[in-house]
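**Q** Shown below is the structure under consideration.
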Amino acid sequence: MTTRSSVDVMPCDPPAIVRLRNLAMRQWSAHGPEGVIEGLRLTRADQPSGTIRALYETSFCVVLQGAKTSAVGDSAFHYRQGECLFASVNVPVSSRIIEASANQPYLAMSLSIDPVMISELLVEHPEMKYRGPGQVALATAGVPEELYDPLTRLLELLDHPMDRPVLEPMVRREICWRLLRSSLGPALQQTGNKDSETARIGQVTAWMRAHYPQPVPVADLAAMASMSPASFHRHFKAITQLSPVQFQKQVRLQEARRMLLANQDVASVGYQVGYESPSQFSRDYRKLFGAPPGKDRAVMRSTVAIEVG
């Protein structure tokens, strides 16, 4: 079987997209989905996918070919070649690749964003600080033309390991700056402003993701965000499109599914992710994934793709 080193070029494709796409395809072939650069992931698919359930972290994804749809709560976001998706906080997402073929595979690159780096840029450039309301966890936009060059240079660093320690931080900083100056700027500014609702809710969702088995009263979560319980619940729902209870449940069930995929014992998985009742675990699992845990494990390798968020 021959490995393609590039993808078909459409007549209207801008040169910057073509260059980055061909480079991403080459690096995907050489290094696989995840290389040595932390938070960088390349995705390729030769056909439309089933449901992809993932826990997104603060990151953005650029589509270089094809199209994808992602949903959180009742809100769906569609993005295609030349567009990107930004996730401002940790959030459970359900997505599908909707345009892909052997001749024109779906191809995308995603990169984690460090809120601390955003904060540093905002401190240095206070005139950019956005003081509006919190943003929904996901947002889509066209890719700024100026972003393709630093993204290309970041991927090129995979070929130059000696340069990475020096150049990678500078390239990441430029990427953040370009995003801040784009139409996604308000969403990133909220992420980097530690006093904003988005940043405070983001701190809580990151904590909930890391401590998902623990039962935590909403009042305690509100205290983490320095909000009243009522204000916390309102802002949490506005940003993540889920209630705190729904968020924790989805995180638990997605982690349970990963455990099942790794062939862990079905009977113990529910307890490991925080459920006290096997029957409740089975009911919630069936409601989210359409089948009870044992049956789902038997078929999910062939029917559902799971990606790391």
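Here's how to read the names in the structure tokens: chain A, B, ... by the order shown, residue numbers from 1 in each chain, ligand numbers from 1 in the order shown.
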Produce a table with one row for each residue of range 165-196 of chain A that has an atom at most 9 Å from any atom of range 107-130 of chain A, each row naming the nearest atom pair and its distance in Å at one decimal; use only C-alpha atoms; arrange rows by chain and rising residue number; format as a Markdown table.
**A**
| residue | atom | partner | partner_atom | distance |
| --- | --- | --- | --- | --- |
| A:Arg172 | CA | A:Ile113 | CA | 8.4 |
| A:Arg173 | CA | A:Met117 | CA | 7.0 |
| A:Cys176 | CA | A:Ile118 | CA | 6.7 |
| A:Trp177 | CA | A:Leu121 | CA | 7.4 |
| A:Leu180 | CA | A:Ile118 | CA | 8.2 |
| A:Arg181 | CA | A:Met128 | CA | 8.6 |
| A:Gly185 | CA | A:Tyr130 | CA | 8.4 |
| A:Pro186 | CA | A:Tyr130 | CA | 5.9 |
| A:Ala187 | CA | A:Tyr130 | CA | 8.7 |
| A:Leu188 | CA | A:Ile118 | CA | 7.1 |
| A:Gln189 | CA | A:Tyr130 | CA | 5.9 |
| A:Gln190 | CA | A:Tyr130 | CA | 6.8 |
| A:Thr191 | CA | A:Pro115 | CA | 6.0 |
| A:Gly192 | CA | A:Ser119 | CA | 4.4 |
| A:Asn193 | CA | A:Ser119 | CA | 6.0 |
| A:Lys194 | CA | A:Ser119 | CA | 7.6 |
**Q** Per residue of range 166-223 of chain A within 10 Å of range 228-238 of chain A, note the shortest atom pair and the distance in Å to one decimal, counting only C-alpha atoms, and order the rows by chain and increasing residue number, as a tab-separated table.
**A**
residue	atom	partner	partner_atom	distance
A:Glu197	CA	A:His235	CA	6.9
A:Thr198	CA	A:His235	CA	8.2
A:Arg200	CA	A:Phe232	CA	9.5
A:Ile201	CA	A:Phe236	CA	6.2
A:Gly202	CA	A:Phe236	CA	9.1
A:Val204	CA	A:Phe236	CA	9.2
A:Thr205	CA	A:Phe236	CA	9.0
A:Pro217	CA	A:Pro229	CA	9.9
A:Val218	CA	A:Pro229	CA	6.7
A:Ala219	CA	A:Pro229	CA	5.4
A:Asp220	CA	A:Pro229	CA	8.5
A:Leu221	CA	A:Phe232	CA	8.1
A:Ala222	CA	A:Pro229	CA	5.3
A:Ala223	CA	A:Ser228	CA	7.1
**Q** List as a list in words the protein and nucleic acid residues near Glu34 in chain A, meaning an atom at most 12 Å away when only C-alpha atoms are counted, but skip any in the same chain fewer than 2 places from it.
**A**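 Within the cut-off, the hits are Ala24, Gln27, Trp28, Ser29, Ala30, His31, Gly32, Val36, Ile37, Glu38, Gly39, Leu40, Arg41, Leu42, Thr43, Arg44, Met109, Ser110, Leu111, Leu155, Leu158, Glu307, Val308 and Gly309 of chain A.
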**Q** Save the residues we just selected, C-alpha atoms, as a PDB file, in the first residue's frame?
**A**
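Ended up saving to out24.pdb:
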ATOM      1  CA  ALA A  24       0.661  18.339   7.802  1.00  0.00           C
ATOM      2  CA  GLN A  27       4.248  15.002   9.284  1.00  0.00           C
ATOM      3  CA  TRP A  28       1.177  12.840   9.934  1.00  0.00           C
ATOM      4  CA  SER A  29       2.744  10.082   7.822  1.00  0.00           C
ATOM      5  CA  ALA A  30       6.100  10.452   9.601  1.00  0.00           C
ATOM      6  CA  HIS A  31       4.991  10.977  13.215  1.00  0.00           C
ATOM      7  CA  GLY A  32       1.375   9.866  13.473  1.00  0.00           C
ATOM      8  CA  VAL A  36       6.742  15.437  20.188  1.00  0.00           C
ATOM      9  CA  ILE A  37       5.238  18.941  20.394  1.00  0.00           C
ATOM     10  CA  GLU A  38       2.985  19.066  23.440  1.00  0.00           C
ATOM     11  CA  GLY A  39      -0.662  19.722  22.662  1.00  0.00           C
ATOM     12  CA  LEU A  40      -0.237  19.335  18.893  1.00  0.00           C
ATOM     13  CA  ARG A  41      -2.443  16.805  17.145  1.00  0.00           C
ATOM     14  CA  LEU A  42      -2.912  15.991  13.449  1.00  0.00           C
ATOM     15  CA  THR A  43      -6.092  14.270  12.281  1.00  0.00           C
ATOM     16  CA  ARG A  44      -6.688  12.521   8.969  1.00  0.00           C
ATOM     17  CA  MET A 109      -4.358  20.234  13.046  1.00  0.00           C
ATOM     18  CA  SER A 110      -5.197  21.197  16.609  1.00  0.00           C
ATOM     19  CA  LEU A 111      -3.066  22.897  19.234  1.00  0.00           C
ATOM     20  CA  LEU A 155       5.059  21.899  12.056  1.00  0.00           C
ATOM     21  CA  LEU A 158       9.207  18.474  13.938  1.00  0.00           C
ATOM     22  CA  GLU A 307     -10.076  10.890  20.082  1.00  0.00           C
ATOM     23  CA  VAL A 308      -8.119  12.488  22.846  1.00  0.00           C
ATOM     24  CA  GLY A 309      -9.312  15.987  23.595  1.00  0.00           C
TER      25      GLY A 309
END
**Q** Hey, could you make a per-residue contact list for range 75-184 of chain A against range 61-64 of chain A with 10 Å as the cut-off, showing the nearest pair of atoms and its distance in Å to one decimal, counting only C-alpha atoms, sorted by chain and number, as JSON lines?
**A**
{"residue": "A:Tyr79", "atom": "CA", "partner": "A:Val63", "partner_atom": "CA", "distance": 7.4}
{"residue": "A:Arg80", "atom": "CA", "partner": "A:Val63", "partner_atom": "CA", "distance": 5.7}
{"residue": "A:Gln81", "atom": "CA", "partner": "A:Val63", "partner_atom": "CA", "distance": 4.8}
{"residue": "A:Gly82", "atom": "CA", "partner": "A:Val63", "partner_atom": "CA", "distance": 6.1}
{"residue": "A:Glu83", "atom": "CA", "partner": "A:Val63", "partner_atom": "CA", "distance": 5.9}
{"residue": "A:Cys84", "atom": "CA", "partner": "A:Val62", "partner_atom": "CA", "distance": 4.3}
{"residue": "A:Leu85", "atom": "CA", "partner": "A:Cys61", "partner_atom": "CA", "distance": 5.2}
{"residue": "A:Phe86", "atom": "CA", "partner": "A:Cys61", "partner_atom": "CA", "distance": 6.6}
{"residue": "A:Ala87", "atom": "CA", "partner": "A:Cys61", "partner_atom": "CA", "distance": 8.7}
{"residue": "A:Pro105", "atom": "CA", "partner": "A:Leu64", "partner_atom": "CA", "distance": 9.6}
{"residue": "A:Tyr106", "atom": "CA", "partner": "A:Leu64", "partner_atom": "CA", "distance": 7.6}
{"residue": "A:Leu107", "atom": "CA", "partner": "A:Leu64", "partner_atom": "CA", "distance": 5.4}
{"residue": "A:Ala108", "atom": "CA", "partner": "A:Val63", "partner_atom": "CA", "distance": 4.4}
{"residue": "A:Met109", "atom": "CA", "partner": "A:Val62", "partner_atom": "CA", "distance": 5.5}
{"residue": "A:Ser110", "atom": "CA", "partner": "A:Cys61", "partner_atom": "CA", "distance": 4.0}
{"residue": "A:Leu111", "atom": "CA", "partner": "A:Cys61", "partner_atom": "CA", "distance": 6.6}
{"residue": "A:Ser112", "atom": "CA", "partner": "A:Cys61", "partner_atom": "CA", "distance": 8.9}
{"residue": "A:Thr140", "atom": "CA", "partner": "A:Cys61", "partner_atom": "CA", "distance": 9.4}
{"residue": "A:Ala141", "atom": "CA", "partner": "A:Val62", "partner_atom": "CA", "distance": 9.7}
{"residue": "A:Gly142", "atom": "CA", "partner": "A:Val62", "partner_atom": "CA", "distance": 9.1}
{"residue": "A:Val143", "atom": "CA", "partner": "A:Val62", "partner_atom": "CA", "distance": 7.3}
{"residue": "A:Tyr148", "atom": "CA", "partner": "A:Val62", "partner_atom": "CA", "distance": 9.7}
{"residue": "A:Leu151", "atom": "CA", "partner": "A:Val62", "partner_atom": "CA", "distance": 9.7}
**Q** Using the chain letters and numbers from this document, which residues of range 129-196 of chain A does DSSP assign to alpha helix (DSSP H), as a PyMOL selection string?
**A** chain A and resi 148-156+164-180+185-192
**Q** Go ahead and save the picked residues with N, CA and C atoms, as an mmCIF file, in the first residue's frame.
**A**
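Heads up, here's the output in out.cif:
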data_model
loop_
_atom_site.group_PDB
_atom_site.id
_atom_site.type_symbol
_atom_site.label_atom_id
_atom_site.label_comp_id
_atom_site.auth_asym_id
_atom_site.auth_seq_id
_atom_site.Cartn_x
_atom_site.Cartn_y
_atom_site.Cartn_z
ATOM 1 N N TYR A 148 -1.332 31.196 9.088
ATOM 2 C CA TYR A 148 -0.797 30.035 8.382
ATOM 3 C C TYR A 148 0.731 29.950 8.477
ATOM 4 N N ASP A 149 1.395 31.089 8.450
ATOM 5 C CA ASP A 149 2.861 31.059 8.484
ATOM 6 C C ASP A 149 3.397 30.518 9.814
ATOM 7 N N PRO A 150 2.970 31.030 10.985
ATOM 8 C CA PRO A 150 3.487 30.433 12.226
ATOM 9 C C PRO A 150 3.052 28.980 12.424
ATOM 10 N N LEU A 151 1.868 28.614 11.959
ATOM 11 C CA LEU A 151 1.465 27.209 12.049
ATOM 12 C C LEU A 151 2.385 26.326 11.209
ATOM 13 N N THR A 152 2.767 26.830 10.033
ATOM 14 C CA THR A 152 3.695 26.090 9.175
ATOM 15 C C THR A 152 5.051 25.958 9.857
ATOM 16 N N ARG A 153 5.526 27.039 10.447
ATOM 17 C CA ARG A 153 6.817 26.982 11.125
ATOM 18 C C ARG A 153 6.793 26.055 12.334
ATOM 19 N N LEU A 154 5.634 25.972 13.010
ATOM 20 C CA LEU A 154 5.521 25.046 14.141
ATOM 21 C C LEU A 154 5.650 23.600 13.665
ATOM 22 N N LEU A 155 4.954 23.264 12.580
ATOM 23 C CA LEU A 155 5.059 21.899 12.056
ATOM 24 C C LEU A 155 6.457 21.604 11.533
ATOM 25 N N GLU A 156 7.114 22.593 10.969
ATOM 26 C CA GLU A 156 8.476 22.382 10.460
ATOM 27 C C GLU A 156 9.446 22.051 11.588
ATOM 28 N N ARG A 164 13.750 23.125 18.512
ATOM 29 C CA ARG A 164 12.460 23.203 19.198
ATOM 30 C C ARG A 164 12.520 23.920 20.548
ATOM 31 N N PRO A 165 13.454 23.605 21.433
ATOM 32 C CA PRO A 165 13.428 24.267 22.749
ATOM 33 C C PRO A 165 13.514 25.791 22.672
ATOM 34 N N VAL A 166 14.203 26.300 21.660
ATOM 35 C CA VAL A 166 14.378 27.750 21.530
ATOM 36 C C VAL A 166 13.226 28.388 20.756
ATOM 37 N N LEU A 167 12.846 27.774 19.636
ATOM 38 C CA LEU A 167 11.898 28.412 18.733
ATOM 39 C C LEU A 167 10.438 28.117 19.042
ATOM 40 N N GLU A 168 10.137 26.952 19.609
ATOM 41 C CA GLU A 168 8.733 26.603 19.840
ATOM 42 C C GLU A 168 8.002 27.620 20.715
ATOM 43 N N PRO A 169 8.581 28.060 21.859
ATOM 44 C CA PRO A 169 7.856 29.055 22.662
ATOM 45 C C PRO A 169 7.559 30.342 21.900
ATOM 46 N N MET A 170 8.489 30.769 21.058
ATOM 47 C CA MET A 170 8.285 31.998 20.302
ATOM 48 C C MET A 170 7.189 31.817 19.252
ATOM 49 N N VAL A 171 7.171 30.666 18.598
ATOM 50 C CA VAL A 171 6.143 30.417 17.585
ATOM 51 C C VAL A 171 4.770 30.313 18.240
ATOM 52 N N ARG A 172 4.696 29.617 19.382
ATOM 53 C CA ARG A 172 3.418 29.518 20.101
ATOM 54 C C ARG A 172 2.916 30.913 20.504
ATOM 55 N N ARG A 173 3.823 31.752 20.950
ATOM 56 C CA ARG A 173 3.443 33.110 21.347
ATOM 57 C C ARG A 173 2.903 33.888 20.148
ATOM 58 N N GLU A 174 3.535 33.734 18.997
ATOM 59 C CA GLU A 174 3.047 34.413 17.801
ATOM 60 C C GLU A 174 1.663 33.902 17.415
ATOM 61 N N ILE A 175 1.458 32.584 17.528
ATOM 62 C CA ILE A 175 0.147 32.009 17.215
ATOM 63 C C ILE A 175 -0.924 32.622 18.119
ATOM 64 N N CYS A 176 -0.628 32.712 19.419
ATOM 65 C CA CYS A 176 -1.582 33.317 20.348
ATOM 66 C C CYS A 176 -1.860 34.777 19.982
ATOM 67 N N TRP A 177 -0.818 35.500 19.609
ATOM 68 C CA TRP A 177 -0.983 36.899 19.236
ATOM 69 C C TRP A 177 -1.860 37.039 17.996
ATOM 70 N N ARG A 178 -1.609 36.194 17.003
ATOM 71 C CA ARG A 178 -2.421 36.254 15.780
ATOM 72 C C ARG A 178 -3.881 35.949 16.091
ATOM 73 N N LEU A 179 -4.135 34.974 16.972
ATOM 74 C CA LEU A 179 -5.505 34.641 17.344
ATOM 75 C C LEU A 179 -6.157 35.782 18.125
ATOM 76 N N LEU A 180 -5.395 36.416 19.003
ATOM 77 C CA LEU A 180 -5.934 37.540 19.767
ATOM 78 C C LEU A 180 -6.375 38.683 18.861
ATOM 79 N N GLY A 185 -10.566 36.907 18.949
ATOM 80 C CA GLY A 185 -9.904 37.633 20.016
ATOM 81 C C GLY A 185 -10.704 37.738 21.305
ATOM 82 N N PRO A 186 -11.988 38.137 21.257
ATOM 83 C CA PRO A 186 -12.749 38.245 22.506
ATOM 84 C C PRO A 186 -12.811 36.941 23.286
ATOM 85 N N ALA A 187 -12.937 35.809 22.581
ATOM 86 C CA ALA A 187 -12.986 34.519 23.265
ATOM 87 C C ALA A 187 -11.654 34.214 23.941
ATOM 88 N N LEU A 188 -10.538 34.480 23.256
ATOM 89 C CA LEU A 188 -9.231 34.244 23.858
ATOM 90 C C LEU A 188 -8.972 35.210 25.010
ATOM 91 N N GLN A 189 -9.393 36.458 24.856
ATOM 92 C CA GLN A 189 -9.173 37.438 25.907
ATOM 93 C C GLN A 189 -9.901 37.038 27.181
ATOM 94 N N GLN A 190 -11.110 36.508 27.048
ATOM 95 C CA GLN A 190 -11.843 36.014 28.207
ATOM 96 C C GLN A 190 -11.097 34.865 28.878
ATOM 97 N N THR A 191 -10.477 34.014 28.064
ATOM 98 C CA THR A 191 -9.719 32.891 28.604
ATOM 99 C C THR A 191 -8.504 33.371 29.397
ATOM 100 N N GLY A 192 -7.850 34.402 28.893
ATOM 101 C CA GLY A 192 -6.633 34.884 29.536
ATOM 102 C C GLY A 192 -6.852 35.861 30.670
#
**Q** Find the residues around Phe247 in chain A up to 10 Å (only C-alpha atoms counted), leave out those fewer than 4 positions away in its own chain, and share them as a JSON list (two decimals) with C-alpha atoms, in the first residue's frame.
**A**
[["chain", "number", "residue", "atom", "x", "y", "z"],
["A", 73, "GLY", "CA", -25.17, 20.71, 24.78],
["A", 90, "ASN", "CA", -12.51, 22.03, 29.16],
["A", 91, "VAL", "CA", -15.77, 20.71, 27.78],
["A", 92, "PRO", "CA", -17.26, 17.37, 26.58],
["A", 205, "THR", "CA", -14.08, 22.68, 34.53],
["A", 208, "MET", "CA", -13.77, 18.79, 37.51],
["A", 209, "ARG", "CA", -12.07, 16.99, 34.65],
["A", 212, "TYR", "CA", -14.24, 13.59, 37.97],
["A", 236, "PHE", "CA", -21.56, 27.65, 33.92],
["A", 237, "LYS", "CA", -24.62, 26.83, 31.80],
["A", 240, "THR", "CA", -20.49, 25.15, 28.68],
["A", 241, "GLN", "CA", -24.13, 24.70, 27.57],
["A", 242, "LEU", "CA", -24.39, 22.10, 30.36],
["A", 243, "SER", "CA", -25.29, 22.21, 34.04],
["A", 251, "VAL", "CA", -16.95, 13.51, 31.83],
["A", 252, "ARG", "CA", -17.47, 10.39, 33.96]]
**Q** Near range 255-262 of chain A, within 7 Å and counting only C-alpha atoms, which residues show up once chain neighbours fewer than 6 positions away are dropped, as a PyMOL selection string?
**A** chain A and resi 269-270+273+297
**Q** Applying 8 Å and only C-alpha atoms, which residues near Thr69 in chain A remain after dropping the ones on its own chain fewer than 4 positions away? List them as a list in words.
**A**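 Counting only C-alpha atoms, the residues come to Ala76, Phe77, His78, Tyr79, Ser95, Arg96, Ile97 and Ile98 of chain A.
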